[in-house]
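Peer 1: My file is upload.tsv. It has TSV, C-alpha atoms:
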chain	number	residue	atom	x	y	z
A	801	GLU	CA	164.39	54.32	177.27
A	802	ASP	CA	161.34	54.59	179.51
A	803	GLN	CA	161.87	55.77	183.05
A	804	VAL	CA	158.66	54.02	184.11
A	805	THR	CA	157.87	50.51	182.91
A	806	GLN	CA	154.55	48.82	183.44
A	807	SER	CA	153.96	45.10	183.06
A	808	PRO	CA	152.26	43.24	181.68
A	809	GLU	CA	151.10	45.38	178.74
A	810	ALA	CA	147.82	43.50	178.72
A	811	LEU	CA	146.19	41.16	181.19
A	812	ARG	CA	143.07	39.05	180.84
A	813	LEU	CA	141.49	37.69	184.00
A	814	GLN	CA	138.42	35.69	184.70
A	815	GLU	CA	136.04	37.28	187.16
A	816	GLY	CA	137.26	36.47	190.67
A	817	GLU	CA	140.82	35.67	189.57
A	818	SER	CA	143.14	37.87	191.63
A	819	SER	CA	146.36	39.23	190.15
A	820	SER	CA	148.88	42.08	190.32
A	821	LEU	CA	150.09	44.80	187.98
A	822	ASN	CA	153.66	46.03	188.19
A	823	CYS	CA	155.17	49.49	187.83
A	824	SER	CA	158.94	49.72	188.01
A	825	TYR	CA	160.96	52.91	187.76
A	826	THR	CA	164.61	53.76	187.23
A	827	VAL	CA	164.54	57.41	188.26
A	828	SER	CA	165.89	58.54	191.62
A	829	GLY	CA	164.61	61.11	194.06
A	830	LEU	CA	161.06	59.80	194.25
A	831	ARG	CA	158.59	62.39	195.48
A	832	GLY	CA	155.46	60.40	194.78
A	833	LEU	CA	154.01	57.53	192.77
A	834	PHE	CA	150.49	57.70	191.38
A	835	TRP	CA	148.05	55.13	190.06
A	836	TYR	CA	145.29	56.11	187.64
A	837	ARG	CA	142.58	54.18	185.88
A	838	GLN	CA	141.58	55.13	182.31
A	839	ASP	CA	138.44	53.90	180.56
A	840	PRO	CA	138.17	54.09	176.75
A	841	GLY	CA	137.28	57.58	175.56
A	842	LYS	CA	137.84	59.12	178.98
A	843	GLY	CA	140.58	60.87	180.87
A	844	PRO	CA	142.52	59.11	183.62
A	845	GLU	CA	140.83	58.79	187.01
A	846	PHE	CA	142.97	59.16	190.11
A	847	LEU	CA	143.24	56.08	192.35
A	848	PHE	CA	146.18	56.35	194.76
A	849	THR	CA	149.28	58.30	195.74
A	850	LEU	CA	152.19	56.58	197.48
A	851	TYR	CA	155.07	58.57	198.89
A	852	SER	CA	157.54	56.20	200.53
A	853	ALA	CA	158.65	52.59	200.46
A	854	GLY	CA	156.48	50.35	202.60
A	855	GLU	CA	153.38	52.46	202.15
A	856	GLU	CA	150.11	50.77	201.17
A	857	LYS	CA	146.75	52.17	200.08
A	858	GLU	CA	143.45	50.32	199.54
A	859	LYS	CA	140.22	51.08	197.77
A	860	GLU	CA	137.55	48.43	197.30
A	861	ARG	CA	139.21	45.55	195.38
A	862	LEU	CA	142.42	47.47	194.72
A	863	LYS	CA	145.52	47.68	196.88
A	864	ALA	CA	148.67	49.59	195.94
A	865	THR	CA	152.07	48.96	197.48
A	866	LEU	CA	155.44	50.63	197.06
A	867	THR	CA	159.04	49.50	197.37
A	868	LYS	CA	162.20	51.41	196.54
A	869	LYS	CA	162.09	50.58	192.85
A	870	GLU	CA	158.58	49.40	192.05
A	871	SER	CA	154.93	49.48	192.90
A	872	PHE	CA	152.26	46.83	192.64
A	873	LEU	CA	148.56	47.24	192.11
A	874	HIS	CA	146.88	44.15	193.51
A	875	ILE	CA	143.39	43.36	192.28
A	876	THR	CA	141.43	40.99	194.48
A	877	ALA	CA	138.47	39.09	193.04
A	878	PRO	CA	138.10	41.44	190.04
A	879	LYS	CA	134.80	42.12	188.35
A	880	PRO	CA	134.14	43.00	184.69
A	881	GLU	CA	133.69	46.66	185.67
A	882	ASP	CA	137.36	46.71	186.73
A	883	SER	CA	138.30	46.40	183.05
A	884	ALA	CA	140.33	49.49	182.09
A	885	THR	CA	143.86	50.65	181.43
A	886	TYR	CA	145.80	51.27	184.63
A	887	LEU	CA	148.46	53.96	184.47
A	888	CYS	CA	151.37	54.51	186.82
A	889	ALA	CA	153.19	57.84	187.14
A	890	VAL	CA	156.32	58.75	189.07
A	891	LEU	CA	157.20	62.24	190.30
A	892	THR	CA	160.87	62.86	190.87
A	893	ALA	CA	162.94	65.76	192.09
A	894	ASP	CA	164.65	67.63	189.28
A	895	ARG	CA	167.27	70.33	189.75
A	896	GLY	CA	166.10	72.00	186.57
A	897	SER	CA	162.52	72.32	187.74
A	898	THR	CA	160.98	73.44	190.99
A	899	LEU	CA	158.03	71.17	190.30
A	900	GLY	CA	160.05	68.04	189.58
A	901	ARG	CA	159.51	65.70	186.66
A	902	LEU	CA	156.45	63.54	186.13
A	903	TYR	CA	156.91	60.34	184.14
A	904	PHE	CA	154.02	58.11	183.08
A	905	GLY	CA	154.19	54.45	182.13
A	906	ARG	CA	152.49	53.10	179.01
A	907	GLY	CA	149.81	51.38	181.07
A	908	THR	CA	148.45	47.89	181.59
A	909	GLN	CA	145.23	47.10	179.76
A	910	LEU	CA	143.15	44.90	182.03
A	911	THR	CA	140.20	42.87	180.78
A	912	VAL	CA	138.05	40.94	183.22
A	913	TRP	CA	135.62	38.54	181.64
A	914	PRO	CA	132.60	36.95	183.35
B	1041	GLU	CA	128.77	70.87	184.98
B	1042	THR	CA	131.05	69.08	187.37
B	1043	GLY	CA	134.73	68.12	187.35
B	1044	VAL	CA	136.84	69.04	184.35
B	1045	THR	CA	135.22	69.63	180.98
B	1046	GLN	CA	136.86	69.93	177.59
B	1047	THR	CA	135.60	71.15	174.24
B	1048	PRO	CA	135.49	70.14	171.51
B	1049	ARG	CA	135.61	66.40	172.11
B	1050	HIS	CA	136.75	65.75	168.55
B	1051	LEU	CA	138.58	68.01	166.10
B	1052	VAL	CA	139.84	67.53	162.57
B	1053	MET	CA	142.05	70.24	161.15
B	1054	GLY	CA	144.36	70.87	158.24
B	1055	MET	CA	147.99	71.82	158.71
B	1056	THR	CA	147.28	75.46	157.86
B	1057	ASN	CA	144.30	75.86	160.19
B	1058	LYS	CA	144.17	77.66	163.51
B	1059	LYS	CA	142.02	76.19	166.24
B	1060	SER	CA	141.73	76.30	170.01
B	1061	LEU	CA	141.00	73.70	172.65
B	1062	LYS	CA	139.13	74.76	175.75
B	1063	CYS	CA	139.24	73.37	179.26
B	1064	GLU	CA	137.19	74.39	182.29
B	1065	GLN	CA	137.46	73.07	185.81
B	1066	HIS	CA	134.62	73.32	188.30
B	1067	LEU	CA	136.59	72.05	191.30
B	1068	GLY	CA	138.02	75.29	192.67
B	1069	HIS	CA	141.55	74.10	191.95
B	1070	ASN	CA	144.60	76.33	191.63
B	1071	ALA	CA	146.65	74.51	189.02
B	1072	MET	CA	145.88	73.33	185.50
B	1073	TYR	CA	147.76	71.18	183.04
B	1074	TRP	CA	147.85	70.14	179.39
B	1075	TYR	CA	148.89	66.62	178.42
B	1076	LYS	CA	149.35	64.81	175.11
B	1077	GLN	CA	148.43	61.13	174.83
B	1078	SER	CA	149.57	59.36	171.67
B	1079	ALA	CA	148.89	55.75	170.81
B	1080	LYS	CA	151.31	53.33	172.46
B	1081	LYS	CA	153.27	56.17	174.11
B	1082	PRO	CA	153.30	57.35	177.71
B	1083	LEU	CA	151.25	60.35	178.66
B	1084	GLU	CA	153.34	63.50	178.14
B	1085	LEU	CA	153.02	66.61	180.28
B	1086	MET	CA	153.07	69.71	178.07
B	1087	PHE	CA	152.30	72.75	180.20
B	1088	VAL	CA	151.65	73.57	183.85
B	1089	TYR	CA	149.81	76.64	185.07
B	1090	SER	CA	149.79	77.58	188.72
B	1091	LEU	CA	147.51	80.40	189.84
B	1092	GLU	CA	147.26	81.52	186.21
B	1093	GLU	CA	151.00	81.69	185.67
B	1094	ARG	CA	152.81	79.25	183.40
B	1095	VAL	CA	155.40	77.47	185.48
B	1096	GLU	CA	156.39	74.67	183.15
B	1097	ASN	CA	156.85	74.18	179.44
B	1098	ASN	CA	158.25	70.77	178.67
B	1099	SER	CA	160.01	71.64	175.40
B	1100	VAL	CA	156.76	71.91	173.51
B	1101	PRO	CA	156.94	73.31	169.95
B	1102	SER	CA	155.76	76.89	169.55
B	1103	ARG	CA	152.88	75.79	167.31
B	1104	PHE	CA	151.17	74.96	170.62
B	1105	SER	CA	150.33	78.09	172.58
B	1106	PRO	CA	148.61	77.84	175.97
B	1107	GLU	CA	146.55	80.52	177.65
B	1108	CYS	CA	145.16	80.66	181.17
B	1109	PRO	CA	142.91	83.73	181.61
B	1110	ASN	CA	141.83	82.67	185.12
B	1111	SER	CA	142.16	79.73	187.48
B	1112	SER	CA	139.11	77.95	186.02
B	1113	HIS	CA	139.87	78.16	182.32
B	1114	LEU	CA	142.71	76.90	180.16
B	1115	PHE	CA	143.10	77.09	176.41
B	1116	LEU	CA	145.48	75.48	173.96
B	1117	HIS	CA	145.82	77.44	170.74
B	1118	LEU	CA	146.92	75.41	167.75
B	1119	HIS	CA	148.43	76.64	164.48
B	1120	THR	CA	150.33	75.06	161.58
B	1121	LEU	CA	150.23	71.65	163.20
B	1122	GLN	CA	151.83	68.52	161.75
B	1123	PRO	CA	150.21	65.10	161.25
B	1124	GLU	CA	152.33	63.72	164.11
B	1125	ASP	CA	150.49	66.10	166.43
B	1126	SER	CA	147.39	63.95	166.05
B	1127	ALA	CA	146.63	62.64	169.55
B	1128	LEU	CA	144.32	62.88	172.53
B	1129	TYR	CA	144.87	66.15	174.38
B	1130	LEU	CA	143.98	66.00	178.03
B	1131	CYS	CA	143.46	68.80	180.49
B	1132	ALA	CA	143.82	68.27	184.23
B	1133	SER	CA	143.61	70.30	187.39
B	1134	SER	CA	144.81	69.92	190.97
B	1135	GLN	CA	144.11	71.56	194.29
B	1136	ASN	CA	147.64	72.67	194.98
B	1137	PRO	CA	150.09	74.15	192.53
B	1138	GLY	CA	152.77	71.67	191.56
B	1139	LEU	CA	152.75	68.00	190.73
B	1140	VAL	CA	152.72	66.35	194.14
B	1141	GLY	CA	149.01	65.95	194.59
B	1142	PRO	CA	146.45	63.97	192.58
B	1143	GLN	CA	145.25	65.44	189.32
B	1144	TYR	CA	141.73	65.33	187.95
B	1145	PHE	CA	141.45	64.89	184.22
B	1146	GLY	CA	138.91	65.94	181.64
B	1147	PRO	CA	137.67	63.55	178.94
B	1148	GLY	CA	140.12	64.89	176.36
B	1149	THR	CA	139.94	66.27	172.83
B	1150	ARG	CA	140.70	63.77	170.08
B	1151	LEU	CA	142.67	65.74	167.46
B	1152	LEU	CA	143.34	64.61	163.91
B	1153	VAL	CA	145.67	66.70	161.74
B	1154	LEU	CA	145.40	66.06	158.02
Go ahead and express the file in the form of structure tokens.
Peer 2:
Amino acid sequence: EDQVTQSPEALRLQEGESSSLNCSYTVSGLRGLFWYRQDPGKGPEFLFTLYSAGEEKEKERLKATLTKKESFLHITAPKPEDSATYLCAVLTADRGSTLGRLYFGRGTQLTVWP
Amino acid sequence: ETGVTQTPRHLVMGMTNKKSLKCEQHLGHNAMYWYKQSAKKPLELMFVYSLEERVENNSVPSRFSPECPNSSHLFLHLHTLQPEDSALYLCASSQNPGLVGPQYFGPGTRLLVL
């Protein structure tokens, strides 16, 4: 069972059609939640870190929000260059590790067509 | 070179071969990581190095052997791999040791084990 679930698995939007991606997690002891963007053939690119419920971060057309059990990545008026896979990762406290545990979701593949 | 670089970008090897993956970070970071990314599975953290010392080994089989000779270089030595080890292997680095901060990823090595 995945500790981090991202939905939808795939999303197709027309250019300018705003939408949201969801990342829900079941683990406790959240130390941080991360959003990354991954283009085909490339490594993930860091977007945001959120640390506590109620926190919001923005970058260009992207806005990330965090509640106690989920995070949303809102995309406003997307453009074709926003097409990518968006990954969510959750860092939790872990008694067996001083670093904690980092869990990634499977990602949402976003396609924005003109 | 800037950011995090990885070589080779693609690798095909037989189950009896020995090969090594190389990662170099040009960001002045203090921590480096190896990840495995398989199709349709979440990104999996394999090893964490902080200031050249291994601080995390997430139950990775011994056929994977990491080496960190200095804070800028990280290797993953491979021997007697299995076909299920075929995946994209990603290297990442971060400013501070540990998992709290953002990580910066290389482009990955696409590995195929025959």
Peer 1: With all atoms listed in the file considered, list every residue of chain A at most 10 Å from chain B, as a ChimeraX atom specification.
Peer 2: /A:802,804-805,831-836,838-849,851,887-892,897-907
Peer 1: Keeping only C-alpha atoms, write those residues as an mmCIF file, keeping the file's coordinate frame.
Peer 2:
data_model
loop_
_atom_site.group_PDB
_atom_site.id
_atom_site.type_symbol
_atom_site.label_atom_id
_atom_site.label_comp_id
_atom_site.auth_asym_id
_atom_site.auth_seq_id
_atom_site.Cartn_x
_atom_site.Cartn_y
_atom_site.Cartn_z
ATOM 1 C CA ASP A 802 161.340 54.590 179.510
ATOM 2 C CA VAL A 804 158.660 54.020 184.110
ATOM 3 C CA THR A 805 157.870 50.510 182.910
ATOM 4 C CA ARG A 831 158.590 62.390 195.480
ATOM 5 C CA GLY A 832 155.460 60.400 194.780
ATOM 6 C CA LEU A 833 154.010 57.530 192.770
ATOM 7 C CA PHE A 834 150.490 57.700 191.380
ATOM 8 C CA TRP A 835 148.050 55.130 190.060
ATOM 9 C CA TYR A 836 145.290 56.110 187.640
ATOM 10 C CA GLN A 838 141.580 55.130 182.310
ATOM 11 C CA ASP A 839 138.440 53.900 180.560
ATOM 12 C CA PRO A 840 138.170 54.090 176.750
ATOM 13 C CA GLY A 841 137.280 57.580 175.560
ATOM 14 C CA LYS A 842 137.840 59.120 178.980
ATOM 15 C CA GLY A 843 140.580 60.870 180.870
ATOM 16 C CA PRO A 844 142.520 59.110 183.620
ATOM 17 C CA GLU A 845 140.830 58.790 187.010
ATOM 18 C CA PHE A 846 142.970 59.160 190.110
ATOM 19 C CA LEU A 847 143.240 56.080 192.350
ATOM 20 C CA PHE A 848 146.180 56.350 194.760
ATOM 21 C CA THR A 849 149.280 58.300 195.740
ATOM 22 C CA TYR A 851 155.070 58.570 198.890
ATOM 23 C CA LEU A 887 148.460 53.960 184.470
ATOM 24 C CA CYS A 888 151.370 54.510 186.820
ATOM 25 C CA ALA A 889 153.190 57.840 187.140
ATOM 26 C CA VAL A 890 156.320 58.750 189.070
ATOM 27 C CA LEU A 891 157.200 62.240 190.300
ATOM 28 C CA THR A 892 160.870 62.860 190.870
ATOM 29 C CA SER A 897 162.520 72.320 187.740
ATOM 30 C CA THR A 898 160.980 73.440 190.990
ATOM 31 C CA LEU A 899 158.030 71.170 190.300
ATOM 32 C CA GLY A 900 160.050 68.040 189.580
ATOM 33 C CA ARG A 901 159.510 65.700 186.660
ATOM 34 C CA LEU A 902 156.450 63.540 186.130
ATOM 35 C CA TYR A 903 156.910 60.340 184.140
ATOM 36 C CA PHE A 904 154.020 58.110 183.080
ATOM 37 C CA GLY A 905 154.190 54.450 182.130
ATOM 38 C CA ARG A 906 152.490 53.100 179.010
ATOM 39 C CA GLY A 907 149.810 51.380 181.070
#
Peer 1: So which residues touch stretch 857-866 of chain A within 7 Å, counting only C-alpha atoms, skipping near sequence neighbours fewer than 4 positions away, as a list in words?
Peer 2: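 The contact residues come out as Phe848, Leu850, Ser852, Ala853, Glu870, Ser871, Phe872, Leu873, His874, Ile875, Thr876, Ala877 and Pro878 of chain A.
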Peer 1: Can you tell me which residues surround stretch 1059-1062 of chain B at a distance of at most 9 Å, considering all atoms listed in the file, apart from same-chain residues fewer than 5 positions away, and format the answer as an NGL selection string?
Peer 2: :B and (1045-1048 or 1051 or 1053 or 1113-1119 or 1129 or 1131 or 1149)
Peer 1: Please save C-alpha atoms of the selected residues as a PDB file, in the coordinates of the input.
Peer 2:
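Okay, again18.pdb is ready:
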ATOM      1  CA  THR B1045     135.220  69.630 180.980  1.00  0.00           C
ATOM      2  CA  GLN B1046     136.860  69.930 177.590  1.00  0.00           C
ATOM      3  CA  THR B1047     135.600  71.150 174.240  1.00  0.00           C
ATOM      4  CA  PRO B1048     135.490  70.140 171.510  1.00  0.00           C
ATOM      5  CA  LEU B1051     138.580  68.010 166.100  1.00  0.00           C
ATOM      6  CA  MET B1053     142.050  70.240 161.150  1.00  0.00           C
ATOM      7  CA  HIS B1113     139.870  78.160 182.320  1.00  0.00           C
ATOM      8  CA  LEU B1114     142.710  76.900 180.160  1.00  0.00           C
ATOM      9  CA  PHE B1115     143.100  77.090 176.410  1.00  0.00           C
ATOM     10  CA  LEU B1116     145.480  75.480 173.960  1.00  0.00           C
ATOM     11  CA  HIS B1117     145.820  77.440 170.740  1.00  0.00           C
ATOM     12  CA  LEU B1118     146.920  75.410 167.750  1.00  0.00           C
ATOM     13  CA  HIS B1119     148.430  76.640 164.480  1.00  0.00           C
ATOM     14  CA  TYR B1129     144.870  66.150 174.380  1.00  0.00           C
ATOM     15  CA  CYS B1131     143.460  68.800 180.490  1.00  0.00           C
ATOM     16  CA  THR B1149     139.940  66.270 172.830  1.00  0.00           C
TER      17      THR B1149
END
Peer 1: Looking at all atoms listed in the file, which of A:Ala893, A:Ala884, A:Val827, A:Leu821 is the one that sits closest to A:Leu910?
Peer 2: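 Closest residue, counting all atoms listed in the file: A:Ala884.
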Peer 1: Between atom CA of B:His1069 and atom CA of A:Tyr825, what is the spacing in Å?
Peer 2: 29.0 Å
